[in-house]
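Raw data01.txt, compact mmCIF, C-alpha atoms:
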# COMPACT_ATOMS: atom_id res chain seq x y z
CA MET M 1 26.03 62.51 7.79
CA ARG M 2 28.05 60.95 10.55
CA GLU M 3 25.13 61.49 12.86
CA ILE M 4 22.83 59.66 10.44
CA ASN M 5 25.23 56.74 10.21
CA GLN M 6 25.44 56.51 13.97
CA SER M 7 21.70 56.69 14.16
CA ASP M 8 21.43 53.95 11.54
CA SER M 9 23.66 51.64 13.49
CA LYS M 10 21.70 52.26 16.67
CA LEU M 11 18.49 51.68 14.80
CA SER M 12 19.87 48.45 13.36
CA GLU M 13 20.94 47.34 16.79
CA ALA M 14 17.52 48.10 18.19
CA LEU M 15 15.87 46.21 15.34
CA ARG M 16 18.08 43.20 16.03
CA ARG M 17 17.11 43.37 19.68
CA MET M 18 13.51 43.44 18.58
CA ALA M 19 14.09 40.41 16.35
CA ALA M 20 15.80 38.56 19.18
CA ALA M 21 12.85 39.27 21.44
CA SER M 22 10.46 37.70 18.93
CA ASP M 23 9.76 34.03 18.31
CA ASN M 24 12.48 32.54 16.17
CA SER M 25 10.64 29.58 14.84
CA ALA M 26 7.22 28.18 14.27
CA PRO M 27 5.60 26.24 17.11
CA ALA M 28 6.72 22.61 17.30
CA ALA M 29 3.12 21.48 16.89
CA LEU M 30 3.12 22.99 13.40
CA GLY M 31 5.88 20.63 12.36
CA ASP M 32 3.88 17.66 13.63
CA ILE M 33 0.75 18.84 11.85
CA LEU M 34 2.62 19.29 8.58
CA MET M 35 4.31 15.91 8.87
CA HIS M 36 0.93 14.31 9.50
CA ARG M 37 -0.53 16.06 6.47
CA PHE M 38 2.48 15.05 4.39
CA ARG M 39 1.93 11.39 5.27
CA LYS M 40 -1.81 11.65 4.69
CA HIS M 41 -1.34 13.38 1.35
CA HIS M 42 1.08 10.78 0.07
CA ALA M 43 -0.97 7.89 1.43
CA ARG M 44 -3.92 9.23 -0.54
CA ARG M 45 -1.76 9.72 -3.62
CA ARG M 46 -0.49 6.16 -3.36
CA GLN M 47 -4.05 4.95 -3.02
CA ILE M 48 -5.14 6.93 -6.08
CA ARG M 49 -2.13 5.71 -8.03
CA PHE M 50 -2.82 2.12 -7.04
CA SER M 51 -6.48 2.46 -8.02
CA ALA M 52 -5.53 4.01 -11.35
CA VAL M 53 -3.06 1.23 -12.05
CA ALA M 54 -5.63 -1.40 -11.05
CA VAL M 55 -8.27 0.16 -13.29
CA ALA M 56 -5.80 0.46 -16.16
CA ALA M 57 -4.72 -3.14 -15.70
CA ALA M 58 -8.32 -4.32 -15.60
CA ALA M 59 -9.13 -2.29 -18.70
CA ALA M 60 -6.09 -3.68 -20.47
CA LEU M 61 -7.04 -7.20 -19.46
CA VAL M 62 -10.58 -6.73 -20.75
CA ALA M 63 -9.23 -5.24 -23.96
CA VAL M 64 -6.87 -8.16 -24.43
CA ILE M 65 -9.62 -10.69 -23.75
CA VAL M 66 -12.02 -8.95 -26.12
CA SER M 67 -9.44 -8.58 -28.86
CA THR M 68 -7.94 -12.05 -28.57
CA LYS M 69 -11.07 -14.10 -27.91
CA PRO M 70 -12.13 -14.45 -31.58
CA ALA M 71 -8.57 -15.21 -32.59
CA THR M 72 -7.94 -17.78 -29.88
CA VAL M 73 -11.31 -19.45 -30.27
CA ILE M 74 -11.82 -19.25 -33.98
CA GLY M 75 -8.24 -19.26 -35.18
CA PRO M 76 -7.28 -22.70 -33.92
CA GLN M 77 -10.71 -24.18 -34.61
CA MET M 78 -10.89 -22.83 -38.09
CA SER M 79 -7.36 -23.77 -39.07
CA PRO M 80 -6.61 -26.94 -40.98
CA GLN M 81 -4.26 -28.30 -38.30
CA ASN M 82 -6.98 -28.52 -35.68
CA ILE M 83 -9.67 -30.13 -37.72
CA ALA M 84 -8.83 -33.77 -37.01
CA GLY M 85 -8.66 -33.32 -33.26
CA ARG M 86 -11.84 -31.33 -33.18
CA GLN M 87 -13.65 -33.92 -35.26
CA ALA M 88 -12.59 -36.63 -32.87
CA ALA M 89 -13.83 -34.64 -29.95
CA ALA M 90 -17.08 -33.69 -31.61
CA PRO M 91 -18.51 -36.21 -34.10
CA ILE M 92 -20.70 -34.45 -36.61
CA ARG M 93 -23.84 -36.51 -36.33
CA SER M 94 -24.00 -36.47 -32.58
CA LEU M 95 -23.66 -32.70 -32.29
CA GLN M 96 -26.51 -30.31 -32.59
CA PRO M 97 -26.46 -26.63 -31.78
CA SER M 98 -27.63 -26.29 -28.22
CA PRO M 99 -30.50 -23.80 -28.02
CA ALA M 100 -29.68 -23.15 -24.39
CA SER M 101 -26.09 -22.28 -25.06
CA LEU M 102 -26.95 -20.30 -28.15
CA GLY M 103 -29.57 -18.49 -26.13
CA LYS M 104 -26.98 -17.53 -23.52
CA ARG M 105 -24.76 -16.23 -26.26
CA ALA M 106 -27.60 -14.20 -27.64
CA HIS M 107 -28.34 -12.63 -24.27
CA ALA M 108 -24.71 -11.79 -23.86
CA ARG M 109 -24.71 -10.18 -27.27
CA GLN M 110 -27.76 -8.15 -26.38
CA ARG M 111 -26.02 -6.86 -23.29
CA HIS M 112 -22.94 -5.93 -25.27
CA LYS M 113 -24.35 -4.82 -28.55
CA SER M 114 -21.14 -3.24 -29.68
CA HIS M 115 -19.32 -6.54 -29.48
CA ARG M 116 -20.35 -8.43 -32.58
CA ALA M 117 -17.53 -10.93 -32.88
CA PRO M 118 -18.76 -14.45 -33.62
CA THR M 119 -18.50 -16.92 -30.76
CA ALA M 120 -18.16 -20.68 -30.63
CA ASP M 121 -20.34 -22.97 -28.57
CA PHE M 122 -19.17 -26.19 -26.97
CA ASN M 123 -20.10 -28.34 -29.97
CA GLY M 124 -17.66 -26.55 -32.17
CA PHE M 125 -20.32 -24.52 -33.94
CA LEU M 126 -19.57 -20.92 -34.37
CA ALA M 127 -22.61 -18.68 -33.92
CA LEU M 128 -22.76 -16.15 -36.73
CA ASN M 129 -23.99 -12.62 -36.43
CA SER M 130 -27.21 -13.58 -38.18
CA TYR M 131 -28.19 -15.99 -35.40
CA ASP M 132 -31.62 -15.29 -33.90
CA PRO M 133 -32.08 -16.60 -30.35
CA GLY M 134 -35.88 -16.48 -30.66
CA MET M 135 -35.82 -19.29 -33.20
CA THR M 136 -36.86 -22.78 -32.11
CA THR M 137 -34.69 -25.81 -32.81
CA GLY M 138 -37.39 -27.25 -35.04
CA GLN M 139 -36.74 -24.47 -37.51
CA LEU M 140 -33.04 -25.24 -37.72
CA GLN M 141 -31.20 -27.85 -39.73
CA ILE M 142 -27.60 -28.73 -40.38
CA VAL M 143 -26.38 -28.63 -43.94
CA ARG M 144 -22.93 -29.83 -44.95
CA LEU M 145 -21.28 -27.93 -47.78
CA GLU M 146 -17.97 -28.02 -49.53
CA LEU M 147 -16.85 -24.55 -50.51
CA PRO M 148 -13.77 -22.34 -50.81
CA GLY M 149 -12.52 -21.33 -47.35
CA ALA M 150 -12.68 -17.67 -48.33
CA ASP M 151 -16.45 -18.02 -48.84
CA LEU M 152 -16.88 -18.63 -45.13
CA ARG M 153 -16.10 -14.97 -44.73
CA LEU M 154 -19.26 -14.15 -46.66
CA VAL M 155 -21.34 -15.47 -43.78
CA GLY M 156 -19.26 -13.60 -41.23
CA ALA M 157 -16.94 -16.36 -40.07
CA PRO M 158 -13.39 -15.20 -39.41
CA VAL M 159 -11.09 -17.37 -41.46
CA SER M 160 -7.31 -17.50 -41.43
CA GLU M 161 -5.44 -16.69 -44.63
CA ASP M 162 -4.20 -20.25 -44.80
CA LEU M 163 -7.69 -21.70 -44.63
CA ALA M 164 -9.08 -19.12 -47.02
CA ARG M 165 -6.94 -20.59 -49.79
CA ARG M 166 -8.25 -24.14 -49.26
CA ARG M 167 -11.50 -25.85 -50.05
CA VAL M 168 -13.33 -26.74 -46.89
CA LEU M 169 -16.11 -29.02 -45.81
CA ALA M 170 -18.29 -27.24 -43.30
CA ASP M 171 -21.54 -27.82 -41.43
CA PHE M 172 -23.95 -24.91 -41.45
CA VAL M 173 -26.88 -24.48 -39.12
CA VAL M 174 -29.46 -22.85 -41.36
CA GLY M 175 -32.97 -21.63 -40.86
CA GLN M 176 -35.98 -22.50 -43.01
CA ASP M 177 -35.24 -19.58 -45.31
CA GLY M 178 -31.65 -20.75 -45.76
CA THR M 179 -30.05 -18.13 -43.56
CA PRO M 180 -26.90 -19.56 -41.96
CA TYR M 181 -26.84 -19.12 -38.18
CA ALA M 182 -23.79 -21.11 -37.21
CA VAL M 183 -20.92 -22.87 -38.90
CA ARG M 184 -18.56 -25.71 -38.05
CA LEU M 185 -15.51 -26.72 -40.02
CA VAL M 186 -15.28 -30.40 -40.87
CA THR M 187 -12.29 -30.80 -43.19
CA SER M 188 -10.17 -28.78 -45.49
CA SER M 189 -8.08 -29.68 -48.52
CA ASN M 190 -5.67 -27.88 -50.78
CA MET Y 1 20.30 30.21 2.38
CA ALA Y 2 19.79 28.36 -0.85
CA ASP Y 3 21.13 25.05 -2.03
CA SER Y 4 22.29 24.63 -5.58
CA SER Y 5 19.31 24.34 -7.88
CA GLY Y 6 20.21 20.75 -8.75
CA ASN Y 7 20.09 19.68 -5.12
CA GLU Y 8 16.90 21.59 -4.54
CA GLN Y 9 15.32 19.93 -7.52
CA GLU Y 10 16.35 16.55 -6.21
CA VAL Y 11 14.99 17.36 -2.75
CA LEU Y 12 11.69 18.48 -4.23
CA ARG Y 13 11.57 15.35 -6.37
CA GLN Y 14 12.00 13.32 -3.22
CA ILE Y 15 9.25 15.30 -1.51
CA ALA Y 16 6.96 14.70 -4.47
CA LYS Y 17 7.71 11.00 -4.16
CA GLY Y 18 6.73 11.06 -0.49
CA ASN Y 19 10.17 11.01 1.15
CA GLU Y 20 9.50 12.20 4.71
CA GLN Y 21 13.14 12.85 5.52
CA ALA Y 22 13.48 15.20 2.56
CA PHE Y 23 10.43 17.11 3.68
CA ALA Y 24 11.62 17.22 7.29
CA ALA Y 25 14.98 18.58 6.14
CA VAL Y 26 13.37 21.35 4.09
CA TYR Y 27 11.02 22.16 6.94
CA GLU Y 28 13.84 22.39 9.45
CA ARG Y 29 15.80 24.62 7.15
CA TYR Y 30 13.11 27.06 6.11
CA GLN Y 31 10.41 27.11 8.78
CA GLY Y 32 12.30 29.61 10.95
CA PRO Y 33 13.07 32.20 8.27
CA VAL Y 34 9.59 31.94 6.76
CA TYR Y 35 7.87 32.14 10.14
CA ARG Y 36 9.94 35.13 11.27
CA PHE Y 37 9.42 36.91 7.97
CA VAL Y 38 5.64 36.56 8.20
CA LEU Y 39 5.62 37.38 11.91
CA HIS Y 40 7.47 40.64 11.38
CA MET Y 41 5.53 41.47 8.26
CA SER Y 42 2.15 40.90 9.87
CA GLY Y 43 2.93 41.47 13.55
CA ASN Y 44 0.68 38.54 14.30
CA SER Y 45 1.86 35.12 15.42
CA ALA Y 46 -1.38 33.43 14.36
CA THR Y 47 -0.94 34.80 10.85
CA ALA Y 48 2.70 33.72 10.87
CA GLU Y 49 1.72 30.22 11.86
CA GLU Y 50 -1.07 30.04 9.31
CA VAL Y 51 1.05 31.34 6.44
CA THR Y 52 3.99 29.09 7.35
CA GLN Y 53 1.65 26.13 7.29
CA GLU Y 54 0.25 27.18 3.93
CA VAL Y 55 3.72 27.62 2.45
CA PHE Y 56 4.69 24.08 3.40
CA MET Y 57 1.34 22.69 2.36
CA THR Y 58 1.98 24.17 -1.08
CA LEU Y 59 5.28 22.36 -1.07
CA ILE Y 60 3.52 19.12 -0.12
CA THR Y 61 0.67 19.32 -2.57
CA ASN Y 62 2.19 21.21 -5.44
CA SER Y 63 5.95 20.89 -5.32
CA LYS Y 64 6.06 20.57 -9.09
CA SER Y 65 5.08 24.21 -9.43
CA TYR Y 66 8.62 25.15 -8.37
CA ASP Y 67 10.75 26.05 -11.36
CA PRO Y 68 14.47 26.21 -10.53
CA ALA Y 69 15.02 28.35 -13.59
CA LYS Y 70 13.06 31.14 -11.93
CA GLY Y 71 15.02 31.21 -8.68
CA SER Y 72 16.02 29.34 -5.57
CA LEU Y 73 13.72 27.28 -3.41
CA ALA Y 74 14.01 29.94 -0.70
CA ALA Y 75 12.86 32.61 -3.13
CA TYR Y 76 9.99 30.38 -4.19
CA MET Y 77 8.89 29.84 -0.60
CA PHE Y 78 9.29 33.48 0.37
CA GLY Y 79 7.31 34.41 -2.72
CA ILE Y 80 4.44 32.25 -1.53
CA ALA Y 81 4.81 33.64 1.99
CA ARG Y 82 4.75 37.22 0.72
CA ASN Y 83 1.60 36.67 -1.30
CA LEU Y 84 -0.20 34.88 1.50
CA THR Y 85 0.87 37.47 4.06
CA ARG Y 86 -0.34 40.25 1.82
CA ARG Y 87 -3.69 38.51 1.51
CA CYS Y 88 -3.97 37.90 5.24
CA ILE Y 89 -3.13 41.48 6.04
CA ALA Y 90 -5.64 42.74 3.52
CA ASP Y 91 -8.28 40.43 4.97
CA SER Y 92 -7.66 41.45 8.55
CA ARG Y 93 -7.18 45.10 7.65
CA LEU Y 94 -3.94 45.21 9.55
CA ASP Y 95 -2.12 46.91 6.75
CA LEU Y 96 -2.03 50.50 7.86
CA PRO Y 97 1.03 52.04 6.22
CA LEU Y 98 1.86 55.55 7.13
CA ASP Y 99 1.18 58.03 4.40
CA GLU Y 100 4.20 59.71 2.95
CA HIS Y 101 3.09 63.09 4.20
CA LEU Y 102 2.50 61.75 7.70
CA LEU Y 103 5.94 60.25 7.75
CA GLY Y 104 7.27 63.53 6.54
CA VAL Y 105 9.99 61.92 4.50
CA GLU Y 106 9.16 63.86 1.40
CA ASP Y 107 8.66 67.21 2.96
CA HIS Y 108 10.88 67.18 5.97
CA GLU Y 109 14.41 66.34 6.86
CA PRO Y 110 14.74 62.84 8.26
CA ALA Y 111 15.04 62.67 12.01
CA THR Y 112 18.65 62.17 12.91
CA SER Y 113 18.66 62.57 16.63
CA LEU Y 114 20.55 59.78 18.39
CA ASP Y 115 18.10 60.14 21.25
CA ILE Y 116 15.34 58.59 19.15
CA VAL Y 117 16.75 55.10 19.58
CA ALA Y 118 18.70 55.74 22.73
CA GLU Y 119 16.06 54.27 24.97
CA LEU Y 120 15.05 51.35 22.80
CA SER Y 121 16.21 48.84 25.35
CA ASN Y 122 13.04 49.02 27.34
CA ALA Y 123 9.97 47.02 26.40
CA ASP Y 124 7.85 50.04 25.59
CA MET Y 125 10.30 51.25 23.04
CA LEU Y 126 10.61 47.80 21.49
CA GLU Y 127 6.87 47.78 21.13
CA CYS Y 128 7.11 51.25 19.69
CA LEU Y 129 9.68 50.06 17.18
CA ARG Y 130 7.57 47.03 16.29
CA ASN Y 131 4.62 49.30 15.55
CA ALA Y 132 6.82 51.57 13.51
CA VAL Y 133 8.00 48.64 11.41
CA LEU Y 134 4.45 47.43 10.93
CA ALA Y 135 3.43 50.88 9.84
CA LEU Y 136 5.95 50.95 7.02
CA PRO Y 137 4.65 50.44 3.49
CA GLU Y 138 4.99 46.81 2.47
CA SER Y 139 7.93 47.13 0.09
CA TYR Y 140 9.94 48.99 2.77
CA ARG Y 141 8.83 46.70 5.54
CA GLU Y 142 10.06 43.70 3.56
CA VAL Y 143 13.60 45.00 3.29
CA VAL Y 144 13.69 45.97 6.95
CA VAL Y 145 12.48 42.51 7.94
CA LEU Y 146 14.95 40.72 5.69
CA CYS Y 147 18.01 42.93 6.05
CA GLU Y 148 17.63 44.20 9.60
CA LEU Y 149 15.60 41.61 11.44
CA GLN Y 150 16.80 38.52 9.57
CA GLU Y 151 20.22 39.99 8.88
CA LEU Y 152 20.42 38.96 5.25
CA ASN Y 153 22.80 40.77 2.95
CA TYR Y 154 21.48 42.83 0.05
CA ASP Y 155 22.08 40.09 -2.50
CA SER Y 156 20.20 37.44 -0.55
CA ALA Y 157 17.32 39.81 0.16
CA ALA Y 158 17.27 40.84 -3.49
CA GLU Y 159 17.07 37.20 -4.54
CA LEU Y 160 14.15 36.56 -2.22
CA LEU Y 161 12.34 39.69 -3.27
CA GLY Y 162 13.12 39.31 -6.94
CA CYS Y 163 14.61 42.73 -7.38
CA PRO Y 164 18.12 44.19 -7.84
CA ALA Y 165 20.38 44.55 -4.81
CA GLY Y 166 20.55 48.29 -5.47
CA THR Y 167 16.79 48.52 -5.06
CA VAL Y 168 17.04 46.74 -1.73
CA ALA Y 169 19.74 49.15 -0.59
CA SER Y 170 17.79 52.23 -1.57
CA ARG Y 171 14.58 50.91 -0.05
CA LEU Y 172 16.39 50.10 3.17
CA HIS Y 173 17.90 53.56 3.32
CA ARG Y 174 14.49 55.10 2.84
CA ALA Y 175 12.88 52.70 5.30
CA ARG Y 176 15.36 53.69 8.01
CA ALA Y 177 14.54 57.32 7.45
CA MET Y 178 10.84 56.52 7.72
CA LEU Y 179 11.42 54.57 10.90
CA ARG Y 180 13.37 57.38 12.51
CA THR Y 181 10.64 59.82 11.64
CA LYS Y 182 7.96 57.46 12.85
CA LEU Y 183 9.77 56.88 16.12
CA LYS Y 184 10.18 60.58 16.60
CA CYS Y 185 6.47 61.05 16.02
CA LEU Y 186 5.66 58.29 18.50
CA GLN Y 187 7.92 59.88 21.09
CA CYS Y 188 6.19 63.18 20.51
CA VAL Y 189 2.87 61.50 21.10
CA LYS Y 190 4.13 60.01 24.32

For this file, write the structure as structure tokens.
Amino acid sequence: MREINQSDSKLSEALRRMAAASDNSAPAALGDILMHRFRKHHARRRQIRFSAVAVAAAAALVAVIVSTKPATVIGPQMSPQNIAGRQAAAPIRSLQPSPASLGKRAHARQRHKSHRAPTADFNGFLALNSYDPGMTTGQLQIVRLELPGADLRLVGAPVSEDLARRRVLADFVVGQDGTPYAVRLVTSSN
Amino acid sequence: MADSSGNEQEVLRQIAKGNEQAFAAVYERYQGPVYRFVLHMSGNSATAEEVTQEVFMTLITNSKSYDPAKGSLAAYMFGIARNLTRRCIADSRLDLPLDEHLLGVEDHEPATSLDIVAELSNADMLECLRNAVLALPESYREVVVLCELQELNYDSAAELLGCPAGTVASRLHRARAMLRTKLKCLQCVK
């Protein structure tokens, strides 16, 4: 037993000598390579993260624009407080729906078929979903109607709750068959 | 060898965030032990370099896979090194463990002669010893490399290998016997 122990210690000593004779660490170049790869990896990660954030921000911006556009355009225009100012800026008789602008709207709608929110043109008319861009201006006429504000919803115009409770005077662009294609609020009363 | 798990987690968090100093610190601390372990396990410096690189690349690209609940960072890295070394050895067909009957440990008394390691100071015998270590079965070679060549205590080796300290002790005892027998055989051949 003693002999084995002595042999063990000699063996251990020899093994340590063997270990000491071997390389103790990885080549220095390996450290440089790994550091380079570390930097490259994290540079790429930062780039990916930045791209993801940019895409997310762009998507969020688009979503905000899409979701708020009807509200910001239609809300103020179709609320009683804004009627006077809008009338001053756009006298009823002088304004006609512009076929060119309506046509652009229609093309935009064709490109984005899923987006069916009504849009307003520069004359204050709000193109309704029923608007047909192929129609000539000769087929269109403006009809002024007084009606409950809530009824504007029947033709697809988004109306605020406040306005829905009032009676409103509105101009409708209608076709020969009476289909309303655009609407413009003139006045409202309680 | 191991930091507290909290510190290690923080270091790895810093590495994941791209902190070069944190990575450099971990590399400085562990490259030597990992490199030596693979070198002595494989007997090949190219394999040692390759595996060391892979271990640290895993740390760079997938540091989140480290779970402090499962063990220390050192154990995690040695675990990767062990698996990669095993694969490299299998690929290069370097793994040629001596059969039990060839070693004669089962059937014969272990060699106890002090003369077996008496002349280990010369280069030939160191080479002989290196070959004997490489010829050990993997589980025995691991404990020899960790406890004899890297001079870890049983507890540290057990932590790295994921087994009880008693198992390390018994494997080391058996590995020494195998080495003595192997060296005796090699001397006989010479």

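Neighbouring residues of Glu159 of chain Y at 10 Å or closer, counting only C-alpha atoms and skipping chain neighbours under 2 positions away, are Ala2, Gly71, Ser72, Ala74, Ala75, Tyr76, Phe78, Tyr154, Asp155, Ser156, Ala157, Leu161, Gly162, Cys163, Pro164, Ala165 and Val168 of chain Y.
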
Select residues of chain M: the criterion is any atom within 8 Å of an atom of chain Y, counting all atoms listed in the file; output as a PyMOL selection string.
-> chain M and resi 3-4+6-8+10-12+14-19+23-27+30-31+34-35+38-39+41-42

How many Å separate atom CA of Ala43 of chain M from atom CA of Asn83 of chain Y?
-> 29.0 Å

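Here atom CA of Glu10 of chain Y and atom CA of Leu160 of chain Y stand 20.5 Å from one another.
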
What is the distance, in Å and to one decimal place, between atom CA of Ala90 of chain Y and atom CA of Asn131 of chain Y?
->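 Taking atom CA of Ala90 of chain Y as the start and atom CA of Asn131 of chain Y as the end point, the length is 17.1 Å.
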
Point (-16.7, -30.0, -43.0) neighbourhood (7 Å, all atoms listed in the file) written as a compact mmCIF listing (two decimals) with C-alpha atoms, keeping the file's coordinate frame:
# COMPACT_ATOMS: atom_id res chain seq x y z
CA ARG M 144 -22.93 -29.83 -44.95
CA LEU M 145 -21.28 -27.93 -47.78
CA GLU M 146 -17.97 -28.02 -49.53
CA VAL M 168 -13.33 -26.74 -46.89
CA LEU M 169 -16.11 -29.02 -45.81
CA ALA M 170 -18.29 -27.24 -43.30
CA ASP M 171 -21.54 -27.82 -41.43
CA ARG M 184 -18.56 -25.71 -38.05
CA LEU M 185 -15.51 -26.72 -40.02
CA VAL M 186 -15.28 -30.40 -40.87
CA THR M 187 -12.29 -30.80 -43.19

List every protein, DNA or RNA residue with an atom no more than 6 Å from (7.2, 18.5, -6.0) in the file's coordinates, counting all atoms listed in the file, and format the result as a PyMOL selection string.
-> chain Y and resi 12-13+15-16+62-64

Return as lines of an AutoDock Vina configuration file the centre and edge lengths, in Å with one decimal, of the box along x, y and z that encloses every atom of segment 30-42 of chain Y in the file, padded by 6 Å per side.
center_x = 7.6
center_y = 34.3
center_z = 9.0
size_x = 23.0
size_y = 26.4
size_z = 17.8

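In this comparison, which uses all atoms listed in the file, the residue of Y:Ala169, Y:Met41, Y:Ala46, Y:Ala69 approaching Ala81 of chain Y most closely is Y:Met41.
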
Point out the residue among Y:Asn7, Y:Thr85, Y:Ser139, Y:Ser92 with the least atom-to-atom distance to Ser170 of chain Y, counting only C-alpha atoms.
->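 Using only C-alpha atoms, Ser170 of chain Y sits closest to Y:Ser139.
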